[in-house]
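*Asks:* File final19.cif below, mmCIF, C-alpha atoms and all ligand atoms:
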data_run
#
loop_
_atom_site.label_atom_id
_atom_site.label_comp_id
_atom_site.auth_asym_id
_atom_site.auth_seq_id
_atom_site.Cartn_x
_atom_site.Cartn_y
_atom_site.Cartn_z
CA MET A 1 9.95 -24.49 76.21
CA SER A 2 6.91 -22.48 75.12
CA LYS A 3 5.54 -22.96 71.64
CA SER A 4 6.65 -19.52 70.48
CA THR A 5 10.12 -19.98 72.01
CA LEU A 6 10.54 -23.20 70.04
CA ILE A 7 10.00 -21.35 66.75
CA SER A 8 12.14 -18.34 67.66
CA GLU A 9 14.95 -20.65 68.81
CA LEU A 10 14.78 -22.44 65.46
CA ALA A 11 14.87 -19.12 63.57
CA LYS A 12 17.89 -18.06 65.60
CA ALA A 13 19.63 -21.37 64.93
CA VAL A 14 19.01 -21.05 61.18
CA ALA A 15 20.32 -17.47 61.12
CA GLN A 16 23.36 -18.18 63.29
CA GLY A 17 24.39 -21.57 61.90
CA GLY A 18 23.20 -23.62 64.86
CA VAL A 19 21.56 -25.96 62.34
CA ARG A 20 22.56 -26.94 58.82
CA ILE A 21 20.19 -26.41 55.89
CA ILE A 22 20.96 -29.07 53.29
CA ASP A 23 19.50 -28.69 49.81
CA LEU A 24 18.33 -32.08 48.50
CA THR A 25 17.20 -30.63 45.15
CA GLU A 26 18.68 -30.89 41.66
CA THR A 27 18.56 -27.82 39.42
CA LEU A 28 15.66 -28.11 36.96
CA ARG A 29 17.40 -27.83 33.61
CA PRO A 30 16.66 -28.86 30.03
CA ASP A 31 19.15 -31.73 30.03
CA TYR A 32 17.82 -33.24 33.26
CA PRO A 33 16.83 -36.82 32.31
CA THR A 34 13.19 -37.88 32.39
CA ILE A 35 11.91 -41.37 32.93
CA SER A 36 11.22 -43.05 29.60
CA LEU A 37 8.28 -45.41 29.17
CA PRO A 38 7.64 -47.99 26.45
CA PRO A 39 6.71 -46.20 23.19
CA GLU A 40 2.98 -47.04 23.39
CA PHE A 41 2.64 -44.81 26.47
CA SER A 42 2.69 -41.01 26.78
CA GLN A 43 6.06 -39.57 27.72
CA ALA A 44 7.08 -37.05 30.38
CA SER A 45 8.14 -33.59 29.24
CA PRO A 46 11.64 -32.46 30.13
CA PHE A 47 12.11 -28.99 31.60
CA MET A 48 11.86 -26.33 28.88
CA GLN A 49 12.36 -22.61 29.40
CA THR A 50 11.36 -19.78 27.05
CA GLU A 51 12.69 -16.33 27.73
CA LEU A 52 10.05 -13.58 27.68
CA SER A 53 12.35 -10.61 28.18
CA HIS A 54 15.83 -9.86 29.47
CA TYR A 55 15.95 -6.09 30.18
CA ASP A 56 15.42 -5.52 26.47
CA GLU A 57 12.75 -4.21 24.10
CA ARG A 58 10.48 -7.11 25.13
CA GLY A 59 10.58 -5.82 28.71
CA PRO A 60 13.13 -3.11 29.42
CA ALA A 61 13.33 -3.38 33.21
CA TRP A 62 12.64 -7.05 33.76
CA TYR A 63 13.81 -10.58 33.08
CA TRP A 64 11.44 -13.54 33.12
CA ASN A 65 10.69 -16.90 31.50
CA ASN A 66 7.87 -19.27 30.77
CA PHE A 67 8.54 -22.89 31.54
CA THR A 68 7.05 -26.28 30.73
CA VAL A 69 7.71 -29.40 32.74
CA CYS A 70 6.11 -32.73 33.61
CA GLU A 71 4.82 -33.12 37.15
CA HIS A 72 7.42 -35.91 37.42
CA THR A 73 10.59 -34.31 36.04
CA GLY A 74 13.58 -33.36 38.17
CA THR A 75 13.58 -33.61 41.94
CA HIS A 76 9.91 -34.23 42.53
CA PHE A 77 7.11 -35.42 44.78
CA ASP A 78 4.66 -38.26 44.05
CA ALA A 79 1.14 -37.96 45.51
CA PRO A 80 -1.17 -40.96 46.09
CA ILE A 81 -3.35 -40.01 43.09
CA HIS A 82 -0.33 -40.69 40.84
CA TRP A 83 -1.10 -44.42 40.98
CA VAL A 84 -4.38 -46.17 40.21
CA THR A 85 -4.27 -47.77 43.67
CA GLY A 86 -4.54 -44.32 45.29
CA LYS A 87 -7.07 -42.80 42.91
CA ASP A 88 -10.04 -42.88 45.31
CA LEU A 89 -8.28 -41.85 48.51
CA PRO A 90 -9.25 -38.56 50.16
CA ASN A 91 -6.83 -35.60 49.83
CA ASN A 92 -4.72 -37.61 47.43
CA SER A 93 -3.37 -34.85 45.17
CA VAL A 94 -0.72 -32.20 45.76
CA ASP A 95 -3.32 -29.44 46.17
CA THR A 96 -5.35 -31.29 48.79
CA MET A 97 -2.74 -33.18 50.84
CA PRO A 98 -2.41 -32.01 54.46
CA CYS A 99 0.15 -29.21 54.94
CA GLU A 100 1.41 -31.03 58.06
CA HIS A 101 2.98 -33.57 55.71
CA PHE A 102 5.33 -30.94 54.26
CA ILE A 103 7.59 -31.34 57.32
CA ALA A 104 8.75 -34.72 58.62
CA PRO A 105 11.82 -36.46 60.04
CA ALA A 106 13.97 -38.67 57.83
CA CYS A 107 15.55 -42.06 58.40
CA VAL A 108 18.44 -42.37 55.94
CA ILE A 109 19.45 -45.90 55.00
CA ASP A 110 22.98 -45.95 53.62
CA CYS A 111 23.00 -48.47 50.75
CA THR A 112 26.01 -47.04 48.91
CA ASN A 113 28.25 -50.11 49.18
CA GLU A 114 25.48 -52.48 48.14
CA VAL A 115 24.45 -50.30 45.17
CA ALA A 116 28.05 -49.83 44.03
CA ALA A 117 28.36 -53.63 43.91
CA ASN A 118 24.94 -54.20 42.33
CA PRO A 119 22.85 -51.45 40.68
CA ASP A 120 19.80 -53.74 40.91
CA PHE A 121 20.18 -53.86 44.71
CA LEU A 122 16.91 -54.32 46.60
CA LEU A 123 16.29 -52.90 50.04
CA THR A 124 14.69 -55.59 52.22
CA GLN A 125 12.86 -55.74 55.53
CA GLU A 126 15.88 -57.52 57.00
CA LEU A 127 18.17 -54.63 56.03
CA LEU A 128 15.71 -52.09 57.44
CA GLU A 129 15.55 -54.04 60.70
CA ALA A 130 19.36 -54.19 60.78
CA TRP A 131 19.40 -50.39 60.35
CA GLU A 132 16.97 -50.10 63.30
CA GLU A 133 19.34 -52.20 65.46
CA LYS A 134 21.91 -49.43 65.06
CA HIS A 135 19.81 -46.28 64.80
CA GLY A 136 16.50 -46.99 66.51
CA ARG A 137 12.98 -47.58 65.35
CA VAL A 138 11.67 -45.79 62.27
CA PRO A 139 9.05 -43.45 63.78
CA ALA A 140 5.52 -43.25 62.40
CA GLY A 141 5.19 -40.37 59.96
CA ALA A 142 8.88 -40.36 58.98
CA TRP A 143 10.37 -40.44 55.52
CA VAL A 144 12.57 -43.43 54.71
CA PHE A 145 15.32 -42.31 52.34
CA MET A 146 17.50 -44.82 50.51
CA ARG A 147 20.94 -43.29 50.08
CA SER A 148 22.67 -44.74 47.01
CA ASP A 149 25.03 -41.93 45.87
CA TRP A 150 23.42 -42.67 42.51
CA ARG A 151 25.25 -39.86 40.71
CA LYS A 152 28.52 -41.60 41.37
CA VAL A 153 27.11 -44.93 40.19
CA ALA A 154 25.12 -44.00 37.07
CA ASP A 155 26.60 -42.71 33.83
CA PRO A 156 25.27 -39.13 33.50
CA GLU A 157 24.39 -39.95 29.89
CA ASN A 158 22.41 -42.99 31.03
CA TYR A 159 20.85 -41.94 34.29
CA THR A 160 18.43 -44.85 34.37
CA ASN A 161 21.31 -47.26 33.73
CA ALA A 162 19.22 -48.89 30.99
CA ASP A 163 20.17 -51.79 28.76
CA ASP A 164 18.17 -54.17 26.58
CA ASN A 165 16.48 -55.54 29.72
CA GLY A 166 15.29 -52.15 30.92
CA ALA A 167 16.54 -49.87 33.68
CA HIS A 168 18.90 -51.05 36.39
CA SER A 169 18.62 -48.98 39.55
CA PRO A 170 17.99 -49.86 43.20
CA GLY A 171 14.75 -49.75 45.17
CA PRO A 172 12.81 -51.55 47.87
CA ASP A 173 11.28 -54.98 47.38
CA ALA A 174 7.54 -55.45 47.88
CA ASN A 175 7.96 -56.96 51.33
CA ALA A 176 10.02 -54.00 52.50
CA VAL A 177 7.40 -51.60 51.17
CA ASN A 178 4.64 -53.48 53.02
CA TRP A 179 6.72 -53.41 56.20
CA MET A 180 7.31 -49.66 55.93
CA ILE A 181 3.56 -49.10 55.49
CA LYS A 182 2.02 -51.62 57.88
CA GLU A 183 4.67 -52.00 60.57
CA ARG A 184 6.06 -48.45 60.67
CA ASP A 185 3.36 -46.21 59.10
CA VAL A 186 5.98 -44.11 57.29
CA LEU A 187 5.13 -40.88 55.47
CA GLY A 188 6.76 -42.15 52.29
CA PHE A 189 9.90 -43.33 50.57
CA GLY A 190 12.59 -41.19 48.94
CA THR A 191 15.54 -41.87 46.68
CA GLU A 192 18.22 -40.28 44.52
CA CYS A 193 17.23 -42.52 41.58
CA ILE A 194 14.76 -41.54 38.89
CA GLY A 195 11.90 -43.45 40.52
CA THR A 196 11.03 -44.77 43.95
CA ASP A 197 10.85 -48.26 42.47
CA ALA A 198 13.84 -50.26 41.32
CA GLY A 199 14.59 -50.19 37.58
CA GLN A 200 13.46 -53.80 37.21
CA ALA A 201 10.30 -53.34 39.30
CA PHE A 202 8.02 -53.73 36.27
CA ALA A 203 8.65 -57.47 36.73
CA PHE A 204 7.98 -57.54 40.50
CA ASP A 205 4.84 -58.87 42.19
CA PRO A 206 3.02 -56.53 42.34
CA PRO A 207 4.64 -54.49 39.56
CA PHE A 208 6.15 -51.21 40.85
CA PRO A 209 5.44 -52.05 44.51
CA CYS A 210 6.68 -48.72 45.87
CA HIS A 211 4.15 -46.94 43.69
CA ALA A 212 1.31 -49.47 43.93
CA LEU A 213 1.50 -50.14 47.67
CA MET A 214 2.71 -46.78 49.01
CA HIS A 215 0.26 -44.68 47.03
CA GLY A 216 -2.54 -47.20 47.68
CA ALA A 217 -1.89 -46.57 51.39
CA GLY A 218 -1.92 -42.77 50.98
CA LYS A 219 1.88 -42.52 51.26
CA TYR A 220 4.21 -40.34 49.21
CA GLY A 221 7.33 -40.59 47.09
CA LEU A 222 10.34 -38.33 46.57
CA GLN A 223 12.84 -38.96 43.82
CA CYS A 224 15.78 -37.51 41.91
CA MET A 225 17.08 -36.06 45.18
CA THR A 226 20.73 -35.25 45.79
CA ASN A 227 23.01 -34.74 48.80
CA LEU A 228 21.59 -37.60 50.83
CA ASP A 229 25.23 -38.31 51.76
CA LEU A 230 25.17 -35.09 53.81
CA LEU A 231 22.31 -36.28 56.02
CA PRO A 232 22.72 -38.04 59.35
CA PRO A 233 21.01 -41.46 59.67
CA THR A 234 18.44 -39.83 61.97
CA GLY A 235 17.86 -36.35 63.33
CA ALA A 236 17.20 -34.39 60.13
CA LEU A 237 13.86 -32.74 59.48
CA ILE A 238 12.75 -32.70 55.84
CA VAL A 239 10.85 -29.78 54.38
CA GLY A 240 9.25 -30.59 51.05
CA ALA A 241 6.16 -28.81 49.78
CA PRO A 242 5.02 -29.60 46.22
CA LEU A 243 3.44 -26.90 44.06
CA LYS A 244 -0.31 -26.52 44.62
CA LEU A 245 -1.32 -27.80 41.20
CA LEU A 246 -5.03 -28.47 40.66
CA ASN A 247 -5.48 -32.26 40.88
CA GLY A 248 -1.72 -32.56 40.58
CA SER A 249 -0.29 -36.08 40.71
CA GLY A 250 3.09 -34.78 41.76
CA SER A 251 5.31 -31.78 41.36
CA PRO A 252 8.87 -30.64 41.10
CA LEU A 253 9.71 -29.06 44.43
CA ARG A 254 12.44 -27.56 46.52
CA VAL A 255 13.16 -30.13 49.20
CA PHE A 256 15.69 -29.51 51.94
CA ALA A 257 16.73 -30.81 55.31
CA ILE A 258 17.21 -29.04 58.61
CA ALA A 259 19.97 -31.02 60.30
CA PRO A 260 21.97 -30.63 63.50
CA ALA A 261 25.17 -28.61 63.10
CA LEU A 262 28.29 -30.75 62.74
MN MN B 1 7.19 -39.48 40.03
#
Just give me the structure as structure tokens.
Ligand code: MN

*Replies:*
Amino acid sequence: MSKSTLISELAKAVAQGGVRIIDLTETLRPDYPTISLPPEFSQASPFMQTELSHYDERGPAWYWNNFTVCEHTGTHFDAPIHWVTGKDLPNNSVDTMPCEHFIAPACVIDCTNEVAANPDFLLTQELLEAWEEKHGRVPAGAWVFMRSDWRKVADPENYTNADDNGAHSPGPDANAVNWMIKERDVLGFGTECIGTDAGQAFAFDPPFPCHALMHGAGKYGLQCMTNLDLLPPTGALIVGAPLKLLNGSGSPLRVFAIAPAL
């Protein structure tokens, strides 16, 4: 197949339903929960919208808004510069990362049963290798997505599932993160939870391994996604391009999958 045929065939498949487009994005809205840090640290802004005009005296023929949001609110992308371990890497911010990284295949690890039984569930190398036994090797440059169906697990009023001991949500352990980086050279790690690290990861060694190790290796994060239950274990192509924010450490984004038709 010629290079131009490949693209026109894809366009035809999108238009005619030969592939499914699956939105993995939550609506950015004022009540969308933000991560909350200990009080001595600066806090993330929620999404806030201010109406400028609505076909009225402020602008008779047009409707538009200003908005304010943290780089890390809602369904969003983490760039290597987000963590101190990635601060000196080349092309480490959302405005300088290679455009080729906006499109990549996904390996979706279904952890729903484990997370339903234990919200502090940790994804391990052994579980990733067991997934590979069934679905094949995680290819270099692929996203690894941990499917948890988190919306069905977490109380919507307590999205981080926090108690007096901090947040309780699943994530990979440090060994699994190292394996994904060194043994599989993944593009990054994605989740439906509020962060790529488990809720208790402040106490891990190293703390927040999915941030510290992934970003230190120039890898990315995606979090607060939805609809991972609609993805096949392999075979979906993820399109996720963060906003081109100057020196941006991350960005809300529209992320979606192109998946084979059912
Ligand atoms: Mn983030």

*Asks:* At a cut-off of 12 Å around the point (14.0, -44.0, 62.3) (file coordinates), what residues fall inside when counting all atoms listed in the file? I'd like the answer as a JSON list (two decimals) with C-alpha atoms, in the coordinates of the input.

*Replies:*
[["chain", "number", "residue", "atom", "x", "y", "z"],
["A", 104, "ALA", "CA", 8.75, -34.72, 58.62],
["A", 105, "PRO", "CA", 11.82, -36.46, 60.04],
["A", 106, "ALA", "CA", 13.97, -38.67, 57.83],
["A", 107, "CYS", "CA", 15.55, -42.06, 58.40],
["A", 108, "VAL", "CA", 18.44, -42.37, 55.94],
["A", 109, "ILE", "CA", 19.45, -45.90, 55.00],
["A", 128, "LEU", "CA", 15.71, -52.09, 57.44],
["A", 129, "GLU", "CA", 15.55, -54.04, 60.70],
["A", 130, "ALA", "CA", 19.36, -54.19, 60.78],
["A", 131, "TRP", "CA", 19.40, -50.39, 60.35],
["A", 132, "GLU", "CA", 16.97, -50.10, 63.30],
["A", 133, "GLU", "CA", 19.34, -52.20, 65.46],
["A", 134, "LYS", "CA", 21.91, -49.43, 65.06],
["A", 135, "HIS", "CA", 19.81, -46.28, 64.80],
["A", 136, "GLY", "CA", 16.50, -46.99, 66.51],
["A", 137, "ARG", "CA", 12.98, -47.58, 65.35],
["A", 138, "VAL", "CA", 11.67, -45.79, 62.27],
["A", 139, "PRO", "CA", 9.05, -43.45, 63.78],
["A", 140, "ALA", "CA", 5.52, -43.25, 62.40],
["A", 141, "GLY", "CA", 5.19, -40.37, 59.96],
["A", 142, "ALA", "CA", 8.88, -40.36, 58.98],
["A", 143, "TRP", "CA", 10.37, -40.44, 55.52],
["A", 144, "VAL", "CA", 12.57, -43.43, 54.71],
["A", 145, "PHE", "CA", 15.32, -42.31, 52.34],
["A", 180, "MET", "CA", 7.31, -49.66, 55.93],
["A", 184, "ARG", "CA", 6.06, -48.45, 60.67],
["A", 185, "ASP", "CA", 3.36, -46.21, 59.10],
["A", 186, "VAL", "CA", 5.98, -44.11, 57.29],
["A", 187, "LEU", "CA", 5.13, -40.88, 55.47],
["A", 232, "PRO", "CA", 22.72, -38.04, 59.35],
["A", 233, "PRO", "CA", 21.01, -41.46, 59.67],
["A", 234, "THR", "CA", 18.44, -39.83, 61.97],
["A", 235, "GLY", "CA", 17.86, -36.35, 63.33],
["A", 236, "ALA", "CA", 17.20, -34.39, 60.13],
["A", 237, "LEU", "CA", 13.86, -32.74, 59.48]]

*Asks:* Would you be able to write out as a list in words which residues have an atom within 9 Å of (20.2, -37.1, 36.0) in the file's coordinates, counting all atoms listed in the file?

*Replies:* Glu26, Asp31, Tyr32, Pro33, Thr34, Gly74, Arg151, Ala154, Asp155, Pro156, Glu157, Asn158, Tyr159, Thr160, Cys193, Ile194 and Cys224 of chain A

*Asks:* With all atoms listed in the file as the basis for distance, which of A:Met225, A:Cys99, A:Leu230, A:Leu52 is at the shortest distance from ligand MN 1 (chain B)?

*Replies:* A:Met225

*Asks:* Give the answer as one residue: which of A:Ala261, A:Ile181, A:Ala79, A:Met214 has the shortest atom-to-atom distance to Ala13 in chain A, using all atoms listed in the file?

*Replies:*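 Of A:Ala261, A:Ile181, A:Ala79, A:Met214, the one nearest Ala13 in chain A, counting all atoms listed in the file, is A:Ala261.
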
*Asks:* Asn66 in chain A: which residues within 7 Å, counting all atoms listed in the file, same-chain residues fewer than 3 positions away excluded, as a list in words?

*Replies:*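 Here the answer would be Gln49, Thr50, Glu51 and Leu52 of chain A.
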
*Asks:* Which residues form the shell of 7 Å around ligand MN 1 (chain B) when you count all atoms listed in the file, given as a ChimeraX atom specification?

*Replies:* /A:72,76-78,195,223,250

*Asks:* Counting only C-alpha atoms, which of A:Asp163, A:Asp95, A:Asp229, A:Asp23 gets nearest to Asp110 in chain A?

*Replies:*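 For Asp110 in chain A, the nearest of the candidates is A:Asp229.
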
*Asks:* Using only C-alpha atoms, find the one residue out of A:Pro260, A:Cys210, A:Leu10, A:Arg254 that sits nearest to Trp179 in chain A.

*Replies:*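 Ranking A:Pro260, A:Cys210, A:Leu10, A:Arg254 by distance to Trp179 in chain A, first place goes to A:Cys210.
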
*Asks:* I need the residue nearest Leu246 in chain A from this list: A:Val19, A:Ser93, A:Val69, A:Tyr63. Use all atoms listed in the file for the distance.

*Replies:*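 Selected residue with least distance to Leu246 in chain A: A:Ser93.
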
*Asks:* Smallest atom-to-atom distance to Leu243 in chain A: which of A:Ile258, A:Met97, A:Leu28, A:Leu6, using all atoms listed in the file?

*Replies:*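 Comparing A:Ile258, A:Met97, A:Leu28, A:Leu6 against Leu243 in chain A, the winner is A:Met97.
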
*Asks:* Identify, on the basis of all atoms listed in the file, every residue whose closest approach to Cys70 in chain A does not exceed 6 Å; exclude the query and any residue fewer than 3 positions from it along the same chain; express the result as JSON, numbers by chain.

*Replies:* {"A": [44, 45, 73]}

*Asks:* For range 83-88 of chain A, what centre and edge lengths in Å (one decimal) does the axis-aligned box get once 6 Å is added on each side of all its listed atoms, as lines of an AutoDock Vina configuration file?

*Replies:*
center_x = -5.6
center_y = -45.3
center_z = 42.8
size_x = 20.9
size_y = 17.0
size_z = 17.1

*Asks:* One number please: CA of His211 in chain A to CA of Pro30 in chain A, in Å, one decimal.

*Replies:*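 So the answer is 25.9 Å.
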
*Asks:* As a compact mmCIF listing (two decimals), in the frame of the given file, please: range 117-143 of chain A completed to N, CA, C and O atoms.

*Replies:*
# COMPACT_ATOMS: atom_id res chain seq x y z
N ALA A 117 28.08 -52.25 44.32
CA ALA A 117 28.36 -53.63 43.91
C ALA A 117 27.28 -54.18 42.98
O ALA A 117 27.54 -55.08 42.17
N ASN A 118 26.06 -53.65 43.10
CA ASN A 118 24.94 -54.20 42.33
C ASN A 118 23.88 -53.12 42.12
O ASN A 118 23.12 -52.82 43.03
N PRO A 119 23.82 -52.52 40.91
CA PRO A 119 22.85 -51.45 40.68
C PRO A 119 21.40 -51.91 40.79
O PRO A 119 20.51 -51.07 40.97
N ASP A 120 21.15 -53.21 40.73
CA ASP A 120 19.80 -53.74 40.91
C ASP A 120 19.51 -54.08 42.38
O ASP A 120 18.53 -54.78 42.67
N PHE A 121 20.33 -53.57 43.27
CA PHE A 121 20.18 -53.86 44.71
C PHE A 121 18.76 -53.58 45.19
O PHE A 121 18.17 -52.55 44.87
N LEU A 122 18.24 -54.49 46.02
CA LEU A 122 16.91 -54.32 46.60
C LEU A 122 17.00 -54.17 48.11
O LEU A 122 17.62 -54.99 48.79
N LEU A 123 16.37 -53.13 48.61
CA LEU A 123 16.29 -52.90 50.04
C LEU A 123 15.22 -53.82 50.61
O LEU A 123 14.08 -53.84 50.12
N THR A 124 15.60 -54.59 51.64
CA THR A 124 14.69 -55.59 52.22
C THR A 124 14.31 -55.23 53.64
O THR A 124 14.94 -54.39 54.29
N GLN A 125 13.27 -55.90 54.13
CA GLN A 125 12.86 -55.74 55.53
C GLN A 125 14.02 -56.07 56.46
O GLN A 125 14.23 -55.38 57.47
N GLU A 126 14.77 -57.11 56.14
CA GLU A 126 15.88 -57.52 57.00
C GLU A 126 16.91 -56.40 57.12
O GLU A 126 17.43 -56.13 58.21
N LEU A 127 17.20 -55.73 56.00
CA LEU A 127 18.17 -54.63 56.03
C LEU A 127 17.62 -53.43 56.80
O LEU A 127 18.36 -52.73 57.51
N LEU A 128 16.32 -53.19 56.68
CA LEU A 128 15.71 -52.09 57.44
C LEU A 128 15.74 -52.40 58.93
O LEU A 128 16.03 -51.52 59.75
N GLU A 129 15.49 -53.66 59.28
CA GLU A 129 15.55 -54.04 60.70
C GLU A 129 16.98 -53.97 61.22
O GLU A 129 17.22 -53.60 62.38
N ALA A 130 17.95 -54.30 60.37
CA ALA A 130 19.36 -54.19 60.78
C ALA A 130 19.72 -52.72 61.00
O ALA A 130 20.46 -52.39 61.94
N TRP A 131 19.18 -51.84 60.15
CA TRP A 131 19.40 -50.39 60.35
C TRP A 131 18.81 -49.97 61.70
O TRP A 131 19.43 -49.20 62.45
N GLU A 132 17.62 -50.46 62.02
CA GLU A 132 16.97 -50.10 63.30
C GLU A 132 17.79 -50.57 64.50
O GLU A 132 17.80 -49.91 65.54
N GLU A 133 18.48 -51.71 64.36
CA GLU A 133 19.34 -52.20 65.46
C GLU A 133 20.37 -51.15 65.83
O GLU A 133 20.72 -50.99 66.99
N LYS A 134 20.86 -50.43 64.82
CA LYS A 134 21.91 -49.43 65.06
C LYS A 134 21.35 -48.06 65.40
O LYS A 134 21.94 -47.31 66.18
N HIS A 135 20.23 -47.68 64.76
CA HIS A 135 19.81 -46.28 64.80
C HIS A 135 18.45 -46.06 65.47
O HIS A 135 18.01 -44.92 65.59
N GLY A 136 17.80 -47.13 65.86
CA GLY A 136 16.50 -46.99 66.51
C GLY A 136 15.35 -47.17 65.54
O GLY A 136 15.54 -47.21 64.32
N ARG A 137 14.17 -47.27 66.13
CA ARG A 137 12.98 -47.58 65.35
C ARG A 137 12.60 -46.43 64.41
O ARG A 137 12.71 -45.26 64.78
N VAL A 138 12.19 -46.79 63.22
CA VAL A 138 11.67 -45.79 62.27
C VAL A 138 10.35 -45.26 62.84
O VAL A 138 9.41 -46.03 63.04
N PRO A 139 10.28 -43.95 63.16
CA PRO A 139 9.05 -43.45 63.78
C PRO A 139 7.91 -43.32 62.77
O PRO A 139 8.15 -43.09 61.58
N ALA A 140 6.69 -43.47 63.26
CA ALA A 140 5.52 -43.25 62.40
C ALA A 140 5.58 -41.83 61.84
O ALA A 140 5.97 -40.89 62.53
N GLY A 141 5.22 -41.70 60.57
CA GLY A 141 5.19 -40.37 59.96
C GLY A 141 6.53 -39.90 59.44
O GLY A 141 6.65 -38.74 59.01
N ALA A 142 7.55 -40.76 59.47
CA ALA A 142 8.88 -40.36 58.98
C ALA A 142 9.05 -40.76 57.51
O ALA A 142 8.44 -41.72 57.03
N TRP A 143 9.89 -40.01 56.83
CA TRP A 143 10.37 -40.44 55.52
C TRP A 143 11.42 -41.54 55.71
O TRP A 143 12.25 -41.45 56.63
